[in-house]
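Colleague: What follows is input-v4.cif, made up of mmCIF, C-alpha atoms:
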data_protein
#
loop_
_atom_site.label_atom_id
_atom_site.label_comp_id
_atom_site.auth_asym_id
_atom_site.auth_seq_id
_atom_site.Cartn_x
_atom_site.Cartn_y
_atom_site.Cartn_z
CA MET A 1 0.00 0.00 0.00
CA THR A 2 1.37 3.42 -0.96
CA ILE A 3 2.08 5.83 1.90
CA ASN A 4 0.36 9.21 1.53
CA THR A 5 0.03 10.32 5.17
CA ILE A 6 2.61 11.06 7.86
CA LEU A 7 1.61 11.68 11.47
CA PHE A 8 4.20 13.20 13.78
CA ASP A 9 4.56 13.41 17.51
CA LEU A 10 5.87 16.87 18.41
CA ASP A 11 8.11 17.01 21.49
CA GLY A 12 11.36 15.12 21.06
CA THR A 13 10.42 14.28 17.48
CA LEU A 14 10.23 17.55 15.55
CA ILE A 15 11.16 20.06 18.23
CA ASP A 16 13.60 19.74 21.12
CA THR A 17 11.65 20.56 24.26
CA ASN A 18 13.62 18.22 26.52
CA GLU A 19 15.37 20.92 28.56
CA LEU A 20 12.13 22.86 28.97
CA ILE A 21 10.25 19.76 30.12
CA ILE A 22 12.96 18.68 32.57
CA GLN A 23 13.17 22.14 34.12
CA SER A 24 9.37 22.38 34.35
CA PHE A 25 9.09 19.06 36.18
CA LEU A 26 11.86 19.92 38.63
CA HIS A 27 10.37 23.38 39.27
CA THR A 28 6.96 21.81 39.98
CA LEU A 29 8.08 18.95 42.20
CA GLU A 30 10.95 20.46 44.20
CA PRO A 31 8.80 22.41 46.73
CA ASP A 32 6.91 19.30 47.90
CA TYR A 33 9.69 16.76 47.29
CA PRO A 34 12.98 18.60 47.98
CA GLY A 35 15.94 16.74 46.54
CA GLN A 36 13.89 13.69 45.57
CA TYR A 37 13.84 14.27 41.82
CA SER A 38 16.77 14.83 39.47
CA ARG A 39 17.23 15.35 35.74
CA GLU A 40 17.62 11.58 35.36
CA THR A 41 14.64 10.53 37.47
CA VAL A 42 12.18 12.80 35.62
CA LEU A 43 13.08 11.34 32.20
CA PRO A 44 10.33 8.66 32.41
CA PHE A 45 7.81 11.51 32.72
CA ILE A 46 8.61 12.65 29.18
CA GLY A 47 5.97 11.17 26.89
CA PRO A 48 2.96 10.40 29.07
CA SER A 49 0.38 13.11 29.69
CA LEU A 50 0.82 15.44 32.65
CA GLN A 51 -2.33 14.02 34.19
CA GLU A 52 -0.92 10.50 34.10
CA THR A 53 2.45 11.55 35.49
CA PHE A 54 1.32 13.82 38.30
CA SER A 55 -1.53 11.50 39.31
CA SER A 56 1.03 8.76 39.82
CA ILE A 57 2.96 11.05 42.18
CA ASN A 58 0.10 12.65 44.13
CA LYS A 59 -3.43 12.21 42.82
CA GLU A 60 -4.91 14.85 45.13
CA LYS A 61 -2.50 17.55 43.97
CA ALA A 62 -2.27 16.55 40.30
CA ALA A 63 -4.39 19.46 39.07
CA THR A 64 -2.29 21.97 41.02
CA TYR A 65 0.94 20.46 39.72
CA ILE A 66 -0.34 20.61 36.13
CA GLU A 67 -1.14 24.32 36.51
CA THR A 68 2.28 25.04 38.04
CA TYR A 69 4.03 23.03 35.33
CA ARG A 70 2.21 24.75 32.47
CA THR A 71 2.77 28.22 33.88
CA HIS A 72 6.51 27.60 34.13
CA ASN A 73 6.60 25.81 30.78
CA HIS A 74 4.83 28.60 28.89
CA HIS A 75 6.91 31.33 30.55
CA HIS A 76 10.23 29.76 29.52
CA HIS A 77 9.02 28.15 26.27
CA ASP A 78 10.51 30.45 23.65
CA SER A 79 13.95 30.65 25.26
CA LEU A 80 14.43 26.89 25.59
CA VAL A 81 12.70 25.27 22.60
CA THR A 82 14.63 24.56 19.39
CA ILE A 83 14.00 22.57 16.20
CA TYR A 84 16.01 19.47 15.34
CA THR A 85 18.48 19.69 12.45
CA GLY A 86 16.88 19.00 9.08
CA VAL A 87 13.33 18.78 10.41
CA LYS A 88 11.95 21.94 8.84
CA GLU A 89 13.46 21.12 5.45
CA GLY A 90 12.12 17.56 5.59
CA VAL A 91 8.62 18.55 6.66
CA LYS A 92 8.50 21.27 4.00
CA ARG A 93 9.50 18.77 1.32
CA LEU A 94 6.80 16.31 2.40
CA HIS A 95 4.26 19.14 2.41
CA ASP A 96 5.33 20.43 -0.99
CA GLU A 97 5.13 16.93 -2.47
CA GLY A 98 1.50 16.65 -1.37
CA TYR A 99 1.67 14.27 1.56
CA LYS A 100 -1.05 14.60 4.20
CA LEU A 101 0.56 15.76 7.46
CA ALA A 102 -0.68 15.97 11.04
CA ILE A 103 0.62 16.43 14.58
CA VAL A 104 -0.53 13.88 17.18
CA THR A 105 0.66 14.94 20.62
CA THR A 106 -0.10 14.41 24.31
CA LYS A 107 0.23 18.17 24.81
CA ILE A 108 -2.84 20.37 24.88
CA LYS A 109 -3.30 22.05 21.51
CA GLU A 110 -2.52 25.56 22.81
CA THR A 111 0.96 24.50 23.98
CA ALA A 112 1.60 22.50 20.82
CA MET A 113 0.80 25.55 18.71
CA MET A 114 3.38 27.58 20.65
CA GLY A 115 6.13 25.23 19.53
CA LEU A 116 4.88 25.00 15.96
CA LYS A 117 4.67 28.78 15.57
CA LEU A 118 8.03 29.40 17.25
CA THR A 119 9.79 27.07 14.80
CA GLY A 120 7.75 27.99 11.73
CA LEU A 121 6.35 24.48 11.39
CA ASP A 122 2.75 25.69 11.74
CA ALA A 123 2.70 26.49 8.00
CA TYR A 124 2.84 22.79 7.14
CA PHE A 125 0.22 21.27 9.44
CA ASP A 126 -3.51 21.80 8.99
CA VAL A 127 -4.42 19.04 11.45
CA ILE A 128 -3.19 19.07 15.05
CA ILE A 129 -4.60 16.55 17.52
CA GLY A 130 -3.85 17.52 21.11
CA LEU A 131 -4.69 15.98 24.46
CA ASP A 132 -7.78 18.16 24.72
CA ASP A 133 -9.14 16.75 21.43
CA VAL A 134 -9.45 13.15 22.66
CA THR A 135 -10.78 11.10 25.55
CA LYS A 136 -7.91 8.59 25.49
CA GLU A 137 -4.26 9.47 24.85
CA LYS A 138 -1.50 7.53 23.10
CA PRO A 139 -0.81 4.59 23.14
CA ASN A 140 -4.57 4.28 22.66
CA PRO A 141 -5.18 4.63 18.91
CA GLU A 142 -7.94 7.25 19.32
CA PRO A 143 -5.69 10.29 18.59
CA ILE A 144 -4.38 8.63 15.42
CA TYR A 145 -7.88 7.67 14.30
CA LYS A 146 -9.00 11.27 14.81
CA ALA A 147 -6.09 12.64 12.78
CA LEU A 148 -6.73 10.15 9.98
CA GLU A 149 -10.41 11.04 9.94
CA GLN A 150 -9.66 14.77 9.61
CA LEU A 151 -7.14 14.07 6.85
CA ASN A 152 -9.51 11.68 5.06
CA ALA A 153 -6.74 9.09 5.22
CA LYS A 154 -6.46 5.37 5.94
CA ALA A 155 -4.27 3.73 8.59
CA GLU A 156 -2.66 1.35 6.10
CA GLU A 157 -1.52 4.36 4.06
CA ALA A 158 -0.06 6.21 7.06
CA ILE A 159 3.13 6.40 9.12
CA MET A 160 3.28 7.40 12.79
CA VAL A 161 6.62 8.99 13.71
CA GLY A 162 7.69 9.53 17.31
CA ASP A 163 10.40 9.46 19.96
CA ASN A 164 8.69 7.42 22.65
CA SER A 165 7.03 4.09 23.36
CA HIS A 166 3.61 5.75 23.33
CA ASP A 167 4.07 6.79 19.71
CA ILE A 168 5.26 3.41 18.45
CA LEU A 169 2.55 1.51 20.32
CA ALA A 170 -0.17 3.93 19.21
CA GLY A 171 0.91 3.40 15.61
CA LYS A 172 0.81 -0.36 16.03
CA ASN A 173 -2.58 -0.20 17.76
CA ALA A 174 -4.01 1.95 14.96
CA GLY A 175 -2.55 -0.16 12.15
CA THR A 176 -0.10 2.39 10.75
CA VAL A 177 3.58 1.92 9.96
CA SER A 178 5.54 2.87 13.10
CA VAL A 179 8.77 4.87 12.99
CA GLY A 180 11.05 5.83 15.88
CA VAL A 181 13.50 8.72 15.69
CA GLY A 182 17.11 7.86 16.48
CA TRP A 183 17.67 11.23 18.15
CA ALA A 184 15.19 10.40 20.94
CA LEU A 185 16.39 11.42 24.40
CA LYS A 186 15.69 7.93 25.77
CA GLY A 187 17.93 6.41 23.10
CA GLU A 188 17.66 4.17 20.08
CA ALA A 189 17.91 0.94 22.10
CA PHE A 190 14.88 1.96 24.19
CA LEU A 191 12.81 2.57 21.06
CA LYS A 192 13.92 -0.68 19.42
CA SER A 193 12.56 -2.60 22.42
CA PHE A 194 9.06 -1.67 21.22
CA GLU A 195 9.75 -3.06 17.76
CA PRO A 196 8.96 -0.13 15.47
CA ASP A 197 8.92 -0.89 11.76
CA TYR A 198 11.78 1.55 11.25
CA ILE A 199 14.28 3.70 13.13
CA ILE A 200 15.35 6.87 11.34
CA ARG A 201 18.45 8.96 12.01
CA SER A 202 17.49 11.88 9.78
CA MET A 203 14.52 13.27 7.89
CA ASP A 204 16.17 11.97 4.72
CA ASP A 205 15.70 8.45 6.11
CA LEU A 206 11.97 9.15 6.52
CA LEU A 207 11.70 10.47 2.97
CA ALA A 208 13.40 7.29 1.71
CA ILE A 209 10.93 5.08 3.61
CA VAL A 210 7.96 7.00 2.21
CA LYS A 211 9.29 6.61 -1.33
CA GLU A 212 10.03 2.89 -1.06
CA ARG A 213 6.68 1.78 0.30
#
Step by step, read the file and then write its structure as structure tokens.

Modeller:
Amino acid sequence: MTINTILFDLDGTLIDTNELIIQSFLHTLEPDYPGQYSRETVLPFIGPSLQETFSSINKEKAATYIETYRTHNHHHHDSLVTIYTGVKEGVKRLHDEGYKLAIVTTKIKETAMMGLKLTGLDAYFDVIIGLDDVTKEKPNPEPIYKALEQLNAKAEEAIMVGDNSHDILAGKNAGTVSVGVGWALKGEAFLKSFEPDYIIRSMDDLLAIVKER
């Protein structure tokens, strides 16, 4: 089946928000848990939704933590977020060649748009599925199904690209081709453990996969 649709996760896949996310988690948790969390121990929190993460730490205070996190995150967003090398050129080429493109993220849409506009990627995505657009987040296939529906696309003609287990598993659950990015903060070996169809090390690798299928 020919590929005509590419769905992208955002954080850690197209834009580098890792430093912003780490600092936001530490800022949020330090007052109640002084010295208990470090840069290394918050890494597993990257990927799941804030609700899932903070509920696992303190269910009663999860809503307060989310508000604190987002306030800090938005305030420091533009100074800490960057785009990965080659991403803009690769996305532009896919867009110009007529592929259907969408963002599927566990961020709320407002925050996702901040990153897209900052990096100039907003010009290439008409469909953005955020956490506030669905009832179940990745790895549930609902966000992918919603993106495909809005793009008038089929799962068997689509690729889901991401940097985390949630992205690979969501792609598998939805019936798309699954692709992990080799520049993921958690490392290539971590991604391979979830058996994606492909691992890419550049946007050129993704373009080659799209062409060959």

Colleague: Which residue gives the smallest distance to Gly90 of chain A among A:Tyr124, A:Trp183, A:Phe25, A:Tyr65, with only C-alpha atoms counted?

Modeller: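 Closest candidate: A:Tyr124.
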
Colleague: Please expand the PyMOL selection byres ((chain A and resi 10) around 8) into the concrete residues it hits in this file, giving the result as a ChimeraX atom specification.

Modeller: /A:8-9,11-15,103-105,112,162

Colleague: The PyMOL selection byres ((chain A and resi 199) around 9) - which residues does that actually catch in the file I just gave you? List them as a ChimeraX atom specification.

Modeller: /A:178-182,188,191-192,196-198,200-201,205-206

Colleague: Which residues are close to Tyr33 of chain A, i.e. within 12 Å by all atoms listed in the file, leaving aside same-chain residues fewer than 6 positions away? Reply as a PDB file with C-alpha atoms, in the frame of the given file.

Modeller:
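New file out.pdb:
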ATOM      1  CA  PHE A  25       9.090  19.060  36.180  1.00  0.00           C
ATOM      2  CA  LEU A  26      11.860  19.920  38.630  1.00  0.00           C
ATOM      3  CA  HIS A  27      10.370  23.380  39.270  1.00  0.00           C
ATOM      4  CA  ILE A  57       2.960  11.050  42.180  1.00  0.00           C
ATOM      5  CA  ASN A  58       0.100  12.650  44.130  1.00  0.00           C
TER       6      ASN A  58
END

Colleague: On this file, the PyMOL selection byres ((chain A and resi 158) around 10) gives some set of residues; write that set as a VMD selection string.

Modeller: chain A and resid 1 to 7 99 to 101 144 148 153 to 157 159 to 161 171 174 to 178 210

Colleague: Need to verify the contact set: Glu137 of chain A, 10 Å, only C-alpha atoms, exclusion of same-chain residues closer than 2 positions in sequence. Can you return it as a VMD selection string?

Modeller: chain A and resid 48 to 49 52 104 to 107 130 to 135 139 to 144 166 170

Colleague: Please define a box with edges along x, y and z of the file around all atoms of segment 106-115 of chain A given in the file, extend it by 8 Å on each side, and return its centre and edge lengths in Å to one decimal, as lines of an AutoDock Vina configuration file.

Modeller:
center_x = 1.4
center_y = 21.0
center_z = 21.8
size_x = 25.4
size_y = 29.2
size_z = 22.2

Colleague: Taking all atoms listed in the file into account, name the residue in A:Glu149, A:Tyr69, A:Leu121, A:Ala63 that is nearest to Arg93 of chain A.

Modeller: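 Selected residue with least distance to Arg93 of chain A: A:Leu121.
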
Colleague: To one decimal in Å, tell me the separation between atom CA of Glu19 of chain A and atom CA of Val42 of chain A.

Modeller: 11.2 Å

Colleague: So the first atom is atom CA of Asp163 of chain A and the second is atom CA of Gly47 of chain A; what is the distance between them in Å, to one decimal place?

Modeller: 8.4 Å

Colleague: What residues have an atom no more than 6 Å from (14.9, 20.5, 17.0) in the file's own frame, counting all atoms listed in the file, and can you write them as a count of residues only?

Modeller: 7

Colleague: So how many Å separate atom CA of Glu97 of chain A and atom CA of Asp122 of chain A, to one decimal?

Modeller: 16.9 Å

Colleague: Output as a compact mmCIF listing (two decimals), in the coordinates of the input: segment 42-53 of chain A, completed with all heavy atoms.

Modeller:
# COMPACT_ATOMS: atom_id res chain seq x y z
N VAL A 42 13.39 12.28 36.26
CA VAL A 42 12.18 12.80 35.62
C VAL A 42 12.08 12.38 34.15
O VAL A 42 11.05 12.62 33.51
CB VAL A 42 12.04 14.34 35.74
CG1 VAL A 42 12.00 14.77 37.19
CG2 VAL A 42 13.12 15.06 34.96
N LEU A 43 13.12 11.74 33.62
CA LEU A 43 13.08 11.34 32.20
C LEU A 43 11.89 10.44 31.87
O LEU A 43 11.29 10.59 30.79
CB LEU A 43 14.39 10.65 31.80
CG LEU A 43 15.65 11.52 31.75
CD1 LEU A 43 16.82 10.72 31.20
CD2 LEU A 43 15.42 12.77 30.91
N PRO A 44 11.50 9.49 32.74
CA PRO A 44 10.33 8.66 32.41
C PRO A 44 9.03 9.46 32.28
O PRO A 44 8.04 8.96 31.73
CB PRO A 44 10.26 7.67 33.59
CG PRO A 44 11.65 7.63 34.13
CD PRO A 44 12.18 9.01 33.95
N PHE A 45 9.02 10.69 32.80
CA PHE A 45 7.81 11.51 32.72
C PHE A 45 7.64 12.14 31.34
O PHE A 45 6.58 12.70 31.03
CB PHE A 45 7.86 12.65 33.76
CG PHE A 45 8.00 12.18 35.18
CD1 PHE A 45 8.48 13.05 36.16
CD2 PHE A 45 7.65 10.90 35.56
CE1 PHE A 45 8.60 12.64 37.49
CE2 PHE A 45 7.77 10.48 36.89
CZ PHE A 45 8.25 11.35 37.84
N ILE A 46 8.69 12.08 30.52
CA ILE A 46 8.61 12.65 29.18
C ILE A 46 7.90 11.66 28.27
O ILE A 46 8.37 10.54 28.06
CB ILE A 46 10.01 12.97 28.62
CG1 ILE A 46 10.71 14.00 29.50
CG2 ILE A 46 9.93 13.47 27.19
CD1 ILE A 46 12.13 14.34 29.07
N GLY A 47 6.75 12.06 27.76
CA GLY A 47 5.97 11.17 26.89
C GLY A 47 4.54 11.02 27.35
O GLY A 47 3.61 11.40 26.63
N PRO A 48 4.32 10.49 28.57
CA PRO A 48 2.96 10.40 29.07
C PRO A 48 2.34 11.78 29.28
O PRO A 48 3.06 12.78 29.35
CB PRO A 48 3.12 9.67 30.42
CG PRO A 48 4.45 9.01 30.35
CD PRO A 48 5.30 9.88 29.48
N SER A 49 1.03 11.83 29.43
CA SER A 49 0.38 13.11 29.69
C SER A 49 0.73 13.59 31.10
O SER A 49 1.12 12.81 31.97
CB SER A 49 -1.14 12.97 29.57
OG SER A 49 -1.65 12.17 30.62
N LEU A 50 0.56 14.89 31.32
CA LEU A 50 0.82 15.44 32.65
C LEU A 50 -0.12 14.84 33.67
O LEU A 50 0.27 14.59 34.82
CB LEU A 50 0.66 16.97 32.61
CG LEU A 50 1.65 17.74 31.75
CD1 LEU A 50 1.32 19.22 31.77
CD2 LEU A 50 3.09 17.51 32.22
N GLN A 51 -1.36 14.60 33.27
CA GLN A 51 -2.33 14.02 34.19
C GLN A 51 -1.87 12.65 34.66
O GLN A 51 -1.92 12.34 35.86
CB GLN A 51 -3.70 13.89 33.49
CG GLN A 51 -4.81 13.32 34.38
CD GLN A 51 -5.15 14.21 35.55
OE1 GLN A 51 -5.26 15.42 35.39
NE2 GLN A 51 -5.32 13.63 36.73
N GLU A 52 -1.40 11.84 33.74
CA GLU A 52 -0.92 10.50 34.10
C GLU A 52 0.28 10.57 35.03
O GLU A 52 0.34 9.88 36.06
CB GLU A 52 -0.55 9.73 32.82
CG GLU A 52 -0.04 8.32 33.09
CD GLU A 52 0.34 7.59 31.82
OE1 GLU A 52 -0.15 7.95 30.73
OE2 GLU A 52 1.15 6.63 31.91
N THR A 53 1.22 11.44 34.69
CA THR A 53 2.45 11.55 35.49
C THR A 53 2.18 12.07 36.88
O THR A 53 2.58 11.46 37.88
CB THR A 53 3.46 12.47 34.77
OG1 THR A 53 3.88 11.84 33.57
CG2 THR A 53 4.67 12.73 35.66
